[in-house]
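Have a look at the structure below before the remarks.
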Amino acid sequence: MQCGPPNAPCGRWGGEKILEALVYLCGFSAIIFVLGIFVFVFKEALPVLTNENFSLSQFLFSSDWYPTSESNKRYGVFAMIAGTVSVTGLAMVIAVPFGLGAAIYLSEFCGQKTRETLKIVIEFLAAVPSVVWGFIGLTVMSKLIVQYTGAPVGVNVLNGGIILALMSVPIIVSISEDALKAVPDSYREAAIALGVTRWQLVWRVLLPAAKQGLLAAVLLGVGRGVGETMAVLMATGHAVHIPHSVLDSVRTLTANIAAELGEAPAGSDHYRVLFLTGVLLFTITFGVNLIADTIVRGIRRK
Amino acid sequence: MVNVTASENHIEVRELRLSYGVKEVIHGISFDIRRNEILGVIGPAQSGKTSLLRCLNRTIDFTPDTHVSGTITVDGEDVRRVRNVYALRRKIGMVAPLPVGLPLSIYDNVAFAPRSAGLNRKGELDLMVEQCLRQAALWDEVKDRLDSLGTKLSGGQQQRLTIARALSHQPEILCLDEFSIAIDPVTTMRIEDVLKELRRHMTIILVTNLTQQARRLADRTMFLWKGEIVELDTTNVIFSDKPRDSRTRDYVEGIFG
Ligand SMILES: Nc1ncnc2c1ncn2[C@@H]1O[C@H](COP(=O)(O)OP(=O)(O)OP(=O)(O)O)[C@@H](O)[C@H]1O
Ligand SMILES: [Mg+2]
């Protein structure tokens, strides 16, 4: 290797070496942290897996959650998996069309001034803390839901889904808007010169060209939905129950951990099962990311 | 020179002025383009050649804060007043300096405009795609891989693909904006042969930096300089020893510019 540009002192090269090592370290520390968290969570959960009173299939497929029962403790989180899936699913059904639509409007249809104003509003939405969202769900939304649907309680899948949708929309909008803006203007000019309307331009050129970024936006939204705790804890009713309609109350995996970890005695089976739930969450998000990665890579290869 | 009747003019430009913001870049130019001629447009960088083309198909509308005055008529119709601007744009094929392959397959690139205009029958599309690719002298090279991405072609092939695409909506007018800027001389010659073929049934506006290209192809040549027409005459006159304006001679001989 050469020692920098001919007239540069060799000391600089040494400096670059150190910088390079630092950057390397930063990159690796990310992996170390992720592994570290996984190992810690898994280590806390591990003993319960070998416990004879515990069965993994019961954990995954039973909805009997009686961690504090005197005579017959049962740890089945199926209802909470259903809760997480239903709330996140509903949130995405609302947030994805809404978010993509807003992004398309912002990047292709609205004027400079409107765009700037709207972006400020959206960033403001993103800055609202999750407890505040939960509070809105608990008070405002739940009243509206009771009033308009006649449901007995207003904290349920619908409430949590709407709140979560409102929370994910800003992420989806800003990332998809970036993805659309990243499509070169020459594509727009070329397509317009071929006599297409603005809508055809969006459907036939911009969306296909930006699909990777749009997919990333949606999956980040899903990630947010699966991982969100506080707001759903407050807005979904916290009932261990497999929902049959959007007006049923549910409990999500995250809310369950947050609510019970404090009262479970450290080292008890209950405590370890909650950590196992953490491992499960980890696996779900890992799965989502893996799927996203595969899709994105598939698109790229084509 | 025979007296030209109005119907022979395919395009008429009158007192065209264009400004970006407060900066005027085209200063009231007037000229005609005749049916089925090749009009060469030469002139140094920044003289307003691209802007002129963008006024013609009204893609200038998408640049904010532009102001256009004067008239451009195509087939006697004022482009600023046409009822269907999409139909106007389909009447005009546009080839940009650097090839812009839409992120689609070769086939879909060529089928893009017809599909957008509502043509969806597979058989007709297949025929049309083949015909355009043949016209652009690209068919033999790509016929076995119509499904691969257009952007995977070489630069010269991509430029011919954009020509095929520009022909796909059967335009009456073809505008080429410095099409050979990024391609080799051999491919340039192939495309020039294609243009000689197309001139039979098309009006062609050939904007070029290579004055010799205008000399080889154009019937008439316009020298545009700083947003004004210095001279517009038959190519023979422009490239002779005695054009009317001495600046023309200096420019084509490479003395200034
Ligand atoms: N989008 C724009 N916004 C502001 N000014 C512009 C824009 N496009 C072009 N101009 C200005 O208009 C003038 C003419 O530019 P134009 O691109 O039409 O020239 P050109 O003859 O095509 O040049 P070239 O040979 O470099 O392509 C230039 O001074 C340029 O700076
Ligand atoms: Mg130009």
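Note on naming: chains are A, B, ... as they come in the structure tokens, residues start from 1 per chain, ligands start from 1 in the order shown.
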### Task
Collect all residues with atoms no farther than 9 Å from ligand 1, counting only C-alpha atoms and all ligand atoms, and output them as a PyMOL selection string.
chain B and resi 18-21+23-26+42-54+60+63-66+97+177-178+207-209+224-227
Chain A residues near chain B (12 Å cut-off, only C-alpha atoms) as an mmCIF file with C-alpha atoms, in the first residue's frame:
```
data_model
loop_
_atom_site.group_PDB
_atom_site.id
_atom_site.type_symbol
_atom_site.label_atom_id
_atom_site.label_comp_id
_atom_site.auth_asym_id
_atom_site.auth_seq_id
_atom_site.Cartn_x
_atom_site.Cartn_y
_atom_site.Cartn_z
ATOM 1 C CA GLU A 108 -45.879 14.920 -6.319
ATOM 2 C CA PHE A 109 -48.970 17.039 -6.042
ATOM 3 C CA GLY A 111 -46.912 23.137 -3.768
ATOM 4 C CA GLN A 112 -43.740 24.107 -1.985
ATOM 5 C CA VAL A 183 -36.545 8.873 -7.875
ATOM 6 C CA PRO A 184 -34.594 10.968 -10.394
ATOM 7 C CA ASP A 185 -36.462 13.863 -12.004
ATOM 8 C CA SER A 186 -35.334 12.634 -15.397
ATOM 9 C CA TYR A 187 -37.813 9.732 -14.994
ATOM 10 C CA ARG A 188 -40.613 12.194 -14.389
ATOM 11 C CA GLU A 189 -39.637 14.330 -17.351
ATOM 12 C CA ALA A 190 -39.272 11.309 -19.643
ATOM 13 C CA ALA A 191 -42.626 9.848 -18.662
ATOM 14 C CA ILE A 192 -44.442 13.182 -18.904
ATOM 15 C CA ALA A 193 -42.967 13.751 -22.355
ATOM 16 C CA LEU A 194 -44.505 10.400 -23.369
ATOM 17 C CA GLY A 195 -47.922 11.881 -22.723
ATOM 18 C CA VAL A 196 -48.914 10.278 -19.415
ATOM 19 C CA THR A 197 -51.037 11.953 -16.773
ATOM 20 C CA ARG A 198 -49.679 12.645 -13.316
ATOM 21 C CA TRP A 199 -51.545 9.674 -11.886
ATOM 22 C CA GLN A 200 -50.177 7.361 -14.505
ATOM 23 C CA LEU A 201 -46.744 8.734 -13.711
ATOM 24 C CA VAL A 202 -47.231 7.846 -10.053
ATOM 25 C CA TRP A 203 -48.629 4.360 -10.671
ATOM 26 C CA ARG A 204 -46.474 3.246 -13.532
ATOM 27 C CA VAL A 205 -43.137 4.881 -12.798
ATOM 28 C CA LEU A 206 -42.709 6.341 -9.344
ATOM 29 C CA LEU A 207 -44.208 3.579 -7.212
ATOM 30 C CA PRO A 208 -42.319 0.794 -9.015
ATOM 31 C CA ALA A 209 -39.115 2.829 -8.946
ATOM 32 C CA ALA A 210 -39.420 3.563 -5.233
ATOM 33 C CA LYS A 211 -40.754 0.182 -4.133
ATOM 34 C CA ILE A 299 -36.097 -6.906 -6.046
ATOM 35 C CA ARG A 300 -32.520 -5.763 -6.366
ATOM 36 C CA ARG A 301 -31.388 -8.917 -8.106
ATOM 37 C CA LYS A 302 -34.049 -8.628 -10.803
#
```
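Take atom CA of A:Asp293 and atom CA of A:Leu253: the distance between them is 24.3 Å.
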### Query
What lies within 9 Å of stretch 134-139 of chain A using only C-alpha atoms, ignoring chain neighbours under 6 positions off, as a ChimeraX atom specification?
/A:154-155,159-160,162-163,230-237
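The space separating atom CA of A:Leu46 from atom CA of A:Asn72 comes to 21.3 Å.
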### Query
DSSP on the backbone: what in stretch 154-196 of chain B comes out strand (DSSP E), as number ranges by chain?
B: 173-177
### Query
In Å, with one decimal, what is the gap from atom CA of A:Leu166 to atom CA of A:Leu220?
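That distance, rounded to one decimal, is 13.9 Å.
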I need the residues of stretch 83-134 of chain A that end up classed as alpha helix (DSSP H) by DSSP on the backbone, written out as a short mmCIF file (atom, residue, chain, number, x, y, z; two decimals) with C-alpha atoms, in the first residue's frame.
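What follows is the written file result.cif:
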```
data_model
loop_
_atom_site.label_atom_id
_atom_site.label_comp_id
_atom_site.auth_asym_id
_atom_site.auth_seq_id
_atom_site.Cartn_x
_atom_site.Cartn_y
_atom_site.Cartn_z
CA GLY A 83 -53.70 -9.38 20.41
CA THR A 84 -50.41 -8.10 19.00
CA VAL A 85 -51.18 -9.43 15.52
CA SER A 86 -54.70 -8.00 15.44
CA VAL A 87 -53.80 -4.55 16.75
CA THR A 88 -50.73 -4.25 14.51
CA GLY A 89 -52.66 -5.64 11.55
CA LEU A 90 -55.50 -3.17 11.95
CA ALA A 91 -53.04 -0.33 12.44
CA MET A 92 -51.28 -1.22 9.19
CA VAL A 93 -54.55 -1.54 7.28
CA ILE A 94 -55.25 2.05 8.28
CA ALA A 95 -51.76 3.53 8.25
CA VAL A 96 -50.29 2.11 5.04
CA PRO A 97 -52.80 3.56 2.55
CA PHE A 98 -53.01 6.74 4.54
CA GLY A 99 -49.24 7.14 4.85
CA LEU A 100 -48.47 6.26 1.25
CA GLY A 101 -51.23 8.54 0.03
CA ALA A 102 -49.91 11.42 2.09
CA ALA A 103 -46.38 10.78 0.85
CA ILE A 104 -47.51 10.77 -2.77
CA GLN A 112 -43.74 24.11 -1.99
CA LYS A 113 -45.46 26.03 0.79
CA THR A 114 -48.13 23.45 1.57
CA ARG A 115 -45.45 20.78 1.63
CA GLU A 116 -43.37 22.59 4.19
CA THR A 117 -46.33 23.28 6.44
CA LEU A 118 -47.55 19.71 6.25
CA LYS A 119 -44.11 18.31 6.97
CA ILE A 120 -43.88 20.36 10.12
CA VAL A 121 -47.28 19.07 11.25
CA ILE A 122 -46.23 15.49 10.52
CA GLU A 123 -42.97 15.88 12.40
CA PHE A 124 -44.97 17.24 15.28
CA LEU A 125 -47.13 14.10 15.21
CA ALA A 126 -43.98 12.00 15.36
CA ALA A 127 -42.81 13.90 18.42
CA SER A 130 -46.38 7.38 23.37
CA VAL A 131 -48.01 7.85 26.81
CA VAL A 132 -49.81 10.85 25.44
CA TRP A 133 -51.15 8.72 22.61
CA GLY A 134 -52.21 6.14 25.17
#
```
#### Entry: Best match for closeness to A:Asn156 among A:Glu177, A:Glu228, A:Asp248, A:Glu70, counting only C-alpha atoms
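Closest candidate: A:Asp248.
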